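A.B. asks: To start, I am sharing the structure in question, which I have written as structure tokens.
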Amino acid sequence: MPRIEESALPGVGVRYEFNTDDGRRIGVVHHRTGRRELFVCEPDDTDAAVVNMSLSDEESHALSEALGGSTVVANLANLQQQVEGLAIDWLSIAPESPYAGKTIADARIRTRSGVSVVAVLRSGETFPSPDPSFAIEPGDTLVVVGTPNGIQQTQEILRTG
């Protein structure tokens with residue numbers, strides 16, 4: 001089975017790709033917005049896509065099902081059981097957030113919700129493992145890990161204080 005390579009695209013999403021037996025490169029970019037782009041590259045130039053198309057959610061699901069997606073769903077269910085209760089999300093900081101211009105420590109996110117800020121995305125730059133003194137700016141995206149309920153609490157904290 002081909003090895004799928006995963007590459008983080010800071011501020012954009014994640015790119016998944018693999019090589020076929022005939023040397024083509026096939027991949028999908030999962031944007032944070034939910035949009036997906038499918039691309040195929042020829043063997044002689046794996047950097048230039050000969051096919052590049054955006055897929056809606058419905059089209060992505062239809063293609064996945066046509067390719068045997070129910071097997072993927074079963075595997076995801078197994079994985080979910082192994083890390084039950086853990087979620088990751090990307091939370092944007094609005095200019096009106098009471099914590100825009102303040103530090104992570106000021107928001108007391110971990111103490112109040114049990115959620116950890118594992119990275120901050122700012123203007124295409126990633127700041128991994130920010131310490132509590134890291135200043136949050138309007139337009140930043142916080143990458144957080146915790147329970148789904150904790151992440152909802154964090155959204156509320158960032159929105160209302």
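Numbering starts fresh at 1 for the residues of each chain in the structure tokens, the chains themselves are lettered A, B, ... in the order given, and ligands are numbered from 1 as they appear.
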Quick one: pick out all strand (DSSP E or B) residues within stretch 87-158 of chain A from a backbone DSSP run and write them as a PyMOL selection string.

C.D. replies: chain A and resi 87-92+103+116-122+125-128+135+141-146

A.B. asks: Going by DSSP on the backbone, which bits of chain A are helix (DSSP H, G or I)? Write them as a VMD selection string, please.

C.D. replies: chain A and resid 57 to 66 69 to 82 104 to 107 109 to 113 148 to 160

A.B. asks: Compile the contact shell of stretch 13-24 of chain A as a JSON list (two decimals) with N, CA and C atoms, in the first residue's frame: residues with an atom at most 9 Å away, counting only C-alpha atoms, same-chain residues fewer than 2 positions apart removed.

C.D. replies:
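Okay, part-v7.json is ready:
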[["chain", "number", "residue", "atom", "x", "y", "z"],
["A", 2, "PRO", "N", 0.56, 2.26, -0.82],
["A", 2, "PRO", "CA", 1.37, 3.47, -0.86],
["A", 2, "PRO", "C", 1.35, 4.20, 0.49],
["A", 3, "ARG", "N", 2.45, 4.84, 0.79],
["A", 3, "ARG", "CA", 2.56, 5.62, 2.02],
["A", 3, "ARG", "C", 2.03, 7.02, 1.76],
["A", 4, "ILE", "N", 1.05, 7.46, 2.53],
["A", 4, "ILE", "CA", 0.49, 8.80, 2.38],
["A", 4, "ILE", "C", 1.33, 9.76, 3.21],
["A", 5, "GLU", "N", 1.82, 10.79, 2.54],
["A", 5, "GLU", "CA", 2.61, 11.83, 3.21],
["A", 5, "GLU", "C", 1.67, 12.96, 3.60],
["A", 6, "GLU", "N", 1.84, 13.44, 4.81],
["A", 6, "GLU", "CA", 1.01, 14.52, 5.33],
["A", 6, "GLU", "C", 1.90, 15.73, 5.57],
["A", 7, "SER", "N", 1.48, 16.89, 5.05],
["A", 7, "SER", "CA", 2.25, 18.12, 5.24],
["A", 7, "SER", "C", 1.32, 19.21, 5.75],
["A", 8, "ALA", "N", 1.71, 19.82, 6.86],
["A", 8, "ALA", "CA", 0.94, 20.95, 7.37],
["A", 8, "ALA", "C", 1.17, 22.16, 6.47],
["A", 9, "LEU", "N", 0.10, 22.86, 6.19],
["A", 9, "LEU", "CA", 0.17, 24.10, 5.42],
["A", 9, "LEU", "C", -0.34, 25.20, 6.35],
["A", 10, "PRO", "N", 0.58, 25.84, 7.10],
["A", 10, "PRO", "CA", 0.19, 26.81, 8.11],
["A", 10, "PRO", "C", -0.79, 27.86, 7.58],
["A", 11, "GLY", "N", -1.87, 28.01, 8.31],
["A", 11, "GLY", "CA", -2.88, 28.98, 7.94],
["A", 11, "GLY", "C", -3.81, 28.52, 6.83],
["A", 26, "ILE", "N", -0.64, 11.81, -6.51],
["A", 26, "ILE", "CA", -2.03, 12.17, -6.28],
["A", 26, "ILE", "C", -2.13, 12.75, -4.88],
["A", 27, "GLY", "N", -2.91, 13.82, -4.76],
["A", 27, "GLY", "CA", -3.04, 14.42, -3.44],
["A", 27, "GLY", "C", -4.31, 15.20, -3.27],
["A", 28, "VAL", "N", -4.53, 15.55, -2.01],
["A", 28, "VAL", "CA", -5.67, 16.36, -1.62],
["A", 28, "VAL", "C", -5.20, 17.39, -0.61],
["A", 29, "VAL", "N", -5.63, 18.62, -0.80],
["A", 29, "VAL", "CA", -5.39, 19.66, 0.20],
["A", 29, "VAL", "C", -6.71, 19.89, 0.93],
["A", 30, "HIS", "N", -6.70, 19.65, 2.25],
["A", 30, "HIS", "CA", -7.87, 19.90, 3.10],
["A", 30, "HIS", "C", -7.68, 21.29, 3.69],
["A", 31, "HIS", "N", -8.46, 22.24, 3.23],
["A", 31, "HIS", "CA", -8.39, 23.60, 3.76],
["A", 31, "HIS", "C", -9.12, 23.68, 5.09],
["A", 32, "ARG", "N", -8.68, 24.58, 5.97],
["A", 32, "ARG", "CA", -9.35, 24.77, 7.26],
["A", 32, "ARG", "C", -10.81, 25.12, 7.08],
["A", 33, "THR", "N", -11.13, 25.73, 5.96],
["A", 33, "THR", "CA", -12.51, 26.14, 5.68],
["A", 33, "THR", "C", -13.41, 24.97, 5.32],
["A", 34, "GLY", "N", -12.82, 23.79, 5.09],
["A", 34, "GLY", "CA", -13.60, 22.62, 4.69],
["A", 34, "GLY", "C", -13.48, 22.33, 3.20],
["A", 39, "PHE", "N", -5.52, 16.97, -6.67],
["A", 39, "PHE", "CA", -4.55, 17.22, -7.73],
["A", 39, "PHE", "C", -3.88, 15.91, -8.14],
["A", 40, "VAL", "N", -3.45, 15.87, -9.41],
["A", 40, "VAL", "CA", -2.72, 14.73, -9.97],
["A", 40, "VAL", "C", -1.54, 15.29, -10.74],
["A", 41, "CYS", "N", -0.35, 14.74, -10.51],
["A", 41, "CYS", "CA", 0.86, 15.17, -11.20],
["A", 41, "CYS", "C", 1.41, 14.01, -12.03],
["A", 42, "GLU", "N", 1.98, 14.31, -13.18],
["A", 42, "GLU", "CA", 2.58, 13.30, -14.06],
["A", 42, "GLU", "C", 3.92, 12.82, -13.49],
["A", 43, "PRO", "N", 4.38, 11.62, -13.88],
["A", 43, "PRO", "CA", 5.63, 11.08, -13.34],
["A", 43, "PRO", "C", 6.85, 11.95, -13.63],
["A", 44, "ASP", "N", 6.87, 12.63, -14.76],
["A", 44, "ASP", "CA", 8.07, 13.39, -15.12],
["A", 44, "ASP", "C", 8.13, 14.76, -14.45],
["A", 45, "ASP", "N", 7.05, 15.22, -13.80],
["A", 45, "ASP", "CA", 7.06, 16.50, -13.10],
["A", 45, "ASP", "C", 6.06, 16.45, -11.95],
["A", 46, "THR", "N", 6.52, 15.99, -10.79],
["A", 46, "THR", "CA", 5.62, 15.82, -9.65],
["A", 46, "THR", "C", 5.31, 17.14, -8.94]]

A.B. asks: I need the residue nearest A:Lys102 from this list: A:Leu158, A:Ala119, A:Ala87, A:Met1. Use only C-alpha atoms for the distance.

C.D. replies: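 Of the candidates, the smallest distance to A:Lys102 is held by A:Leu158.
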
A.B. asks: Suppose you want the space between atom CA of A:Val118 and atom CA of A:Ala100; what is it in Å?

C.D. replies: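 Interatomic distance, atom CA of A:Val118 to atom CA of A:Ala100: 17.7 Å.
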
A.B. asks: Could you name the residues that touch stretch 145-155 of chain A at 8 Å or less, counting only C-alpha atoms, but leaving out those on the same chain fewer than 6 positions away, as a list in words?

C.D. replies: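 So the residues in contact are Gly85, Leu86, Ala87, Ile88, Asp89, Leu91, Ile109, Ser113, Gly114, Val115, Ser116, Val117 and Val118 of chain A.
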
A.B. asks: Find, counting only C-alpha atoms, the residue in A:Ile157, A:Ala62, A:Val143, A:Val120 that gets nearest to A:Arg108.

C.D. replies: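 For A:Arg108, the nearest of the candidates is A:Ile157.
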
A.B. asks: Mind checking which residues fall within 12 Å of A:Glu58, counting only C-alpha atoms, ignoring those fewer than 5 positions away in the same chain, and posting them as JSON, numbers by chain?

C.D. replies: {"A": [34, 35, 36, 63, 64, 65]}
